[in-house]
Amino acid sequence: MKIAVVGAGSWGTALAIHCARAGADVSLWAHEREVNEGIARERRNPLFLSEVEIPERVHSHAELPAALAGAEAVLFVVPVQFAREVLRALRPHLPGGVPLISASKGIELVSLARMDEIVRAELGLGPDRFVALSGPSFALEVARGLPTAAVLAGLDAELLLRLQQTFSSRGFRFYSSSDVVGVELAGALKNVIAIAAGMAAGLELGLNAAAALLTRGLHEIARLGVRLGGREETFRGLAGMGDLVLTCTGALSRNRGVGERLGRGESLAAILAGREIAEGIPTTRAAAELARRHGVEMPITFAVEAILAGALPPREAVTALMTRTLKDEAAL
């Protein structure tokens, strides 16, 4: 199978490397000139995952028409807040009938839309041609071939089976799901809790606090996800609990890193000066607004929103969370 990977950040580069190792011919579209030059000259992405060699079966392109030509599947790996612009440029060149697999995790801030909704609006794709890829998968570990498991969520069972067979390898196992909404929301919302987990680490609150934060964080993101149409069991699976645990505890997590630096007293402006994007920052605002619109109580999310807005210091947020009205654990 020929796969076009649109987006050559860390995650897009890792997926391109994996697909090539799994036997696919890969066309990788990179926006940055130095990425295309680096891959052509040295078989490395000089900006992202530069320590990992890129297989010869990966061909880098600066233009979307060249990257999409002859593709039998498109892996879309562009940050959600920039997705519409790229999708509009991609639309005239998308081969007919080809599925689009989104590996982008987030909620668009201006519209509060998920990626399946953005893709449907910009490309006019039928819901059976959209697939969400999510799960606990640090880009560097995937690029190095370390054991990983993730989920492909879509509405066409035959397509999902074909993609499972194409993408799976000895080092990367893919499960299938029909819960597109739940898988997308789980992958987006866990980044909010990861920022909170990072803050707890930066404040040196200890392991008890970290365990409570993850547990209650899962509780609240599942409440919102189910209210928006996802299935509760999805939030107990790889795209939910699996990705939450990884992103909240792993040193490679960008969102956790943002929270940790905030907890140590750094300003958000200084943290955002780097090249890597932490999707949890805009997703926090989007998730909080969705929660308010749908009447869902999300105290951790609301606290992170206030901290990111500069309205509440991290340590005061902890006090506010710990002194909330006492209630039954299962209460909404």
# chains A, B, ... in the order shown; residues from 1 in each chain; ligands from 1
>>> closest_atom_pairs(of="stretch 12-41 of chain A", to="stretch 142-152 of chain A", cutoff="10 Å", atoms="only C-alpha atoms", output="JSON lines")
{"residue": "A:Thr13", "atom": "CA", "partner": "A:Ala143", "partner_atom": "CA", "distance": 7.8}
{"residue": "A:Ala14", "atom": "CA", "partner": "A:Ala143", "partner_atom": "CA", "distance": 4.6}
{"residue": "A:Leu15", "atom": "CA", "partner": "A:Ala143", "partner_atom": "CA", "distance": 7.3}
{"residue": "A:Ala16", "atom": "CA", "partner": "A:Ala143", "partner_atom": "CA", "distance": 8.7}
{"residue": "A:Ile17", "atom": "CA", "partner": "A:Ala143", "partner_atom": "CA", "distance": 6.1}
{"residue": "A:His18", "atom": "CA", "partner": "A:Ala143", "partner_atom": "CA", "distance": 6.4}
{"residue": "A:Arg21", "atom": "CA", "partner": "A:Gly145", "partner_atom": "CA", "distance": 9.0}
>>> select_by_dssp(residues="stretch 41-84 of chain A", states="strand (DSSP E or B)", output="PyMOL selection string")
chain A and resi 58-61+73-76
>>> write_last_selection(atoms="N, CA and C atoms", output="mmCIF file, in the first residue's frame")
data_model
loop_
_atom_site.group_PDB
_atom_site.id
_atom_site.type_symbol
_atom_site.label_atom_id
_atom_site.label_comp_id
_atom_site.auth_asym_id
_atom_site.auth_seq_id
_atom_site.Cartn_x
_atom_site.Cartn_y
_atom_site.Cartn_z
ATOM 1 N N VAL A 58 10.637 5.971 2.633
ATOM 2 C CA VAL A 58 9.971 7.239 2.924
ATOM 3 C C VAL A 58 10.523 8.306 1.986
ATOM 4 N N HIS A 59 9.642 8.901 1.197
ATOM 5 C CA HIS A 59 10.037 9.952 0.252
ATOM 6 C C HIS A 59 9.386 11.261 0.699
ATOM 7 N N SER A 60 10.190 12.260 0.956
ATOM 8 C CA SER A 60 9.703 13.532 1.461
ATOM 9 C C SER A 60 9.380 14.486 0.322
ATOM 10 N N HIS A 61 8.284 15.255 0.480
ATOM 11 C CA HIS A 61 7.839 16.193 -0.558
ATOM 12 C C HIS A 61 7.487 17.536 0.062
ATOM 13 N N ALA A 73 -4.088 5.594 1.010
ATOM 14 C CA ALA A 73 -4.562 6.045 2.326
ATOM 15 C C ALA A 73 -3.784 7.293 2.689
ATOM 16 N N VAL A 74 -4.441 8.203 3.412
ATOM 17 C CA VAL A 74 -3.799 9.442 3.843
ATOM 18 C C VAL A 74 -3.803 9.486 5.366
ATOM 19 N N LEU A 75 -2.611 9.591 5.943
ATOM 20 C CA LEU A 75 -2.448 9.775 7.382
ATOM 21 C C LEU A 75 -2.268 11.271 7.627
ATOM 22 N N PHE A 76 -3.218 11.865 8.342
ATOM 23 C CA PHE A 76 -3.191 13.306 8.572
ATOM 24 C C PHE A 76 -2.656 13.561 9.973
#
>>> closest_atom_pairs(of="stretch 117-202 of chain A", to="stretch 250-270 of chain A", cutoff="12 Å", atoms="only C-alpha atoms", output="tab-separated table")
residue	atom	partner	partner_atom	distance
A:Pro136	CA	A:Gly250	CA	10.3
A:Ser137	CA	A:Ser253	CA	10.1
A:Phe138	CA	A:Leu252	CA	6.9
A:Ala139	CA	A:Leu252	CA	8.8
A:Leu140	CA	A:Leu252	CA	8.2
A:Glu141	CA	A:Leu252	CA	9.4
A:Ala188	CA	A:Asn255	CA	11.2
A:Leu189	CA	A:Asn255	CA	11.2
A:Lys190	CA	A:Asn255	CA	9.4
A:Asn191	CA	A:Asn255	CA	6.0
A:Val192	CA	A:Asn255	CA	7.7
A:Ile193	CA	A:Arg256	CA	8.4
A:Ala194	CA	A:Arg256	CA	4.8
A:Ile195	CA	A:Gly259	CA	4.3
A:Ala196	CA	A:Gly259	CA	5.9
A:Ala197	CA	A:Arg256	CA	6.3
A:Gly198	CA	A:Glu260	CA	4.0
A:Met199	CA	A:Gly259	CA	4.3
A:Ala200	CA	A:Gly263	CA	6.8
A:Ala201	CA	A:Glu260	CA	5.8
A:Gly202	CA	A:Glu260	CA	4.3
>>> select_by_dssp(residues="stretch 162-231 of chain A", states="alpha helix (DSSP H)", output="PyMOL selection string")
chain A and resi 162-167+180-202+207-227
>>> write_last_selection(atoms="N, CA and C atoms", output="compact mmCIF listing (two decimals), in the first residue's frame")
# COMPACT_ATOMS: atom_id res chain seq x y z
N ARG A 162 -8.73 -3.81 7.04
CA ARG A 162 -7.66 -3.63 6.05
C ARG A 162 -6.56 -2.73 6.61
N LEU A 163 -6.94 -1.67 7.30
CA LEU A 163 -5.95 -0.76 7.87
C LEU A 163 -5.21 -1.42 9.03
N GLN A 164 -5.91 -2.20 9.84
CA GLN A 164 -5.24 -2.95 10.90
C GLN A 164 -4.14 -3.83 10.33
N GLN A 165 -4.46 -4.53 9.27
CA GLN A 165 -3.49 -5.44 8.66
C GLN A 165 -2.33 -4.68 8.04
N THR A 166 -2.61 -3.50 7.49
CA THR A 166 -1.56 -2.70 6.86
C THR A 166 -0.63 -2.06 7.88
N PHE A 167 -1.20 -1.53 8.94
CA PHE A 167 -0.42 -0.76 9.90
C PHE A 167 0.22 -1.60 11.00
N VAL A 180 -15.91 6.46 17.13
CA VAL A 180 -15.06 7.55 16.64
C VAL A 180 -15.09 8.73 17.61
N VAL A 181 -16.28 9.09 18.07
CA VAL A 181 -16.41 10.24 18.96
C VAL A 181 -15.63 10.01 20.25
N GLY A 182 -15.81 8.83 20.87
CA GLY A 182 -15.13 8.54 22.12
C GLY A 182 -13.62 8.51 21.98
N VAL A 183 -13.12 7.88 20.92
CA VAL A 183 -11.67 7.78 20.72
C VAL A 183 -11.08 9.16 20.48
N GLU A 184 -11.75 9.99 19.69
CA GLU A 184 -11.22 11.34 19.45
C GLU A 184 -11.22 12.18 20.72
N LEU A 185 -12.32 12.15 21.46
CA LEU A 185 -12.39 12.96 22.67
C LEU A 185 -11.42 12.46 23.74
N ALA A 186 -11.28 11.15 23.87
CA ALA A 186 -10.33 10.61 24.85
C ALA A 186 -8.91 11.10 24.54
N GLY A 187 -8.52 11.04 23.26
CA GLY A 187 -7.18 11.48 22.87
C GLY A 187 -6.95 12.95 23.07
N ALA A 188 -8.02 13.75 22.93
CA ALA A 188 -7.88 15.20 23.11
C ALA A 188 -7.88 15.60 24.58
N LEU A 189 -8.84 15.07 25.33
CA LEU A 189 -9.06 15.54 26.70
C LEU A 189 -7.99 15.09 27.67
N LYS A 190 -7.34 13.96 27.40
CA LYS A 190 -6.29 13.51 28.33
C LYS A 190 -5.14 14.51 28.40
N ASN A 191 -4.96 15.32 27.36
CA ASN A 191 -3.88 16.30 27.39
C ASN A 191 -4.12 17.38 28.45
N VAL A 192 -5.39 17.67 28.72
CA VAL A 192 -5.72 18.66 29.76
C VAL A 192 -5.28 18.13 31.12
N ILE A 193 -5.61 16.87 31.39
CA ILE A 193 -5.25 16.26 32.67
C ILE A 193 -3.73 16.12 32.78
N ALA A 194 -3.06 15.90 31.64
CA ALA A 194 -1.60 15.79 31.66
C ALA A 194 -0.96 17.10 32.08
N ILE A 195 -1.52 18.23 31.66
CA ILE A 195 -0.99 19.52 32.12
C ILE A 195 -1.13 19.63 33.63
N ALA A 196 -2.30 19.21 34.14
CA ALA A 196 -2.51 19.24 35.59
C ALA A 196 -1.54 18.32 36.30
N ALA A 197 -1.30 17.14 35.74
CA ALA A 197 -0.36 16.20 36.36
C ALA A 197 1.04 16.78 36.38
N GLY A 198 1.42 17.46 35.33
CA GLY A 198 2.73 18.12 35.30
C GLY A 198 2.85 19.19 36.37
N MET A 199 1.77 19.96 36.55
CA MET A 199 1.80 20.98 37.60
C MET A 199 1.99 20.34 38.97
N ALA A 200 1.30 19.23 39.22
CA ALA A 200 1.45 18.55 40.51
C ALA A 200 2.89 18.11 40.72
N ALA A 201 3.54 17.65 39.65
CA ALA A 201 4.94 17.25 39.75
C ALA A 201 5.82 18.46 40.00
N GLY A 202 5.56 19.55 39.28
CA GLY A 202 6.36 20.76 39.47
C GLY A 202 6.22 21.34 40.86
N LEU A 207 3.16 11.41 45.18
CA LEU A 207 2.53 10.37 44.39
C LEU A 207 1.06 10.18 44.74
N ASN A 208 0.69 10.42 45.99
CA ASN A 208 -0.73 10.33 46.36
C ASN A 208 -1.56 11.29 45.52
N ALA A 209 -1.08 12.52 45.41
CA ALA A 209 -1.80 13.53 44.63
C ALA A 209 -1.85 13.14 43.17
N ALA A 210 -0.76 12.60 42.64
CA ALA A 210 -0.73 12.20 41.23
C ALA A 210 -1.75 11.11 40.94
N ALA A 211 -1.85 10.13 41.84
CA ALA A 211 -2.81 9.04 41.64
C ALA A 211 -4.25 9.56 41.70
N ALA A 212 -4.52 10.44 42.66
CA ALA A 212 -5.86 11.01 42.76
C ALA A 212 -6.20 11.84 41.53
N LEU A 213 -5.23 12.59 41.04
CA LEU A 213 -5.45 13.45 39.88
C LEU A 213 -5.79 12.64 38.64
N LEU A 214 -5.04 11.57 38.40
CA LEU A 214 -5.32 10.73 37.24
C LEU A 214 -6.70 10.09 37.33
N THR A 215 -7.04 9.59 38.53
CA THR A 215 -8.32 8.91 38.70
C THR A 215 -9.49 9.86 38.53
N ARG A 216 -9.43 10.99 39.21
CA ARG A 216 -10.52 11.96 39.08
C ARG A 216 -10.51 12.62 37.70
N GLY A 217 -9.33 12.76 37.11
CA GLY A 217 -9.26 13.31 35.75
C GLY A 217 -9.96 12.41 34.76
N LEU A 218 -9.72 11.11 34.86
CA LEU A 218 -10.40 10.17 33.98
C LEU A 218 -11.90 10.24 34.19
N HIS A 219 -12.32 10.38 35.42
CA HIS A 219 -13.74 10.46 35.75
C HIS A 219 -14.39 11.64 35.02
N GLU A 220 -13.74 12.80 35.05
CA GLU A 220 -14.39 13.97 34.47
C GLU A 220 -14.31 14.02 32.95
N ILE A 221 -13.22 13.55 32.35
CA ILE A 221 -13.19 13.57 30.89
C ILE A 221 -14.13 12.52 30.31
N ALA A 222 -14.34 11.42 31.04
CA ALA A 222 -15.31 10.42 30.58
C ALA A 222 -16.72 10.98 30.66
N ARG A 223 -17.02 11.76 31.69
CA ARG A 223 -18.36 12.37 31.80
C ARG A 223 -18.65 13.24 30.59
N LEU A 224 -17.69 14.10 30.22
CA LEU A 224 -17.91 14.96 29.07
C LEU A 224 -17.98 14.14 27.79
N GLY A 225 -17.08 13.16 27.65
CA GLY A 225 -17.06 12.34 26.44
C GLY A 225 -18.36 11.60 26.22
N VAL A 226 -18.91 11.04 27.27
CA VAL A 226 -20.19 10.32 27.15
C VAL A 226 -21.32 11.29 26.83
N ARG A 227 -21.31 12.45 27.47
CA ARG A 227 -22.35 13.45 27.18
C ARG A 227 -22.33 13.87 25.71
>>> closest_residue(among="A:Ser134, A:Ser176, A:Ser168, A:Thr319", to="A:Gly242", atoms="only C-alpha atoms")
A:Ser134
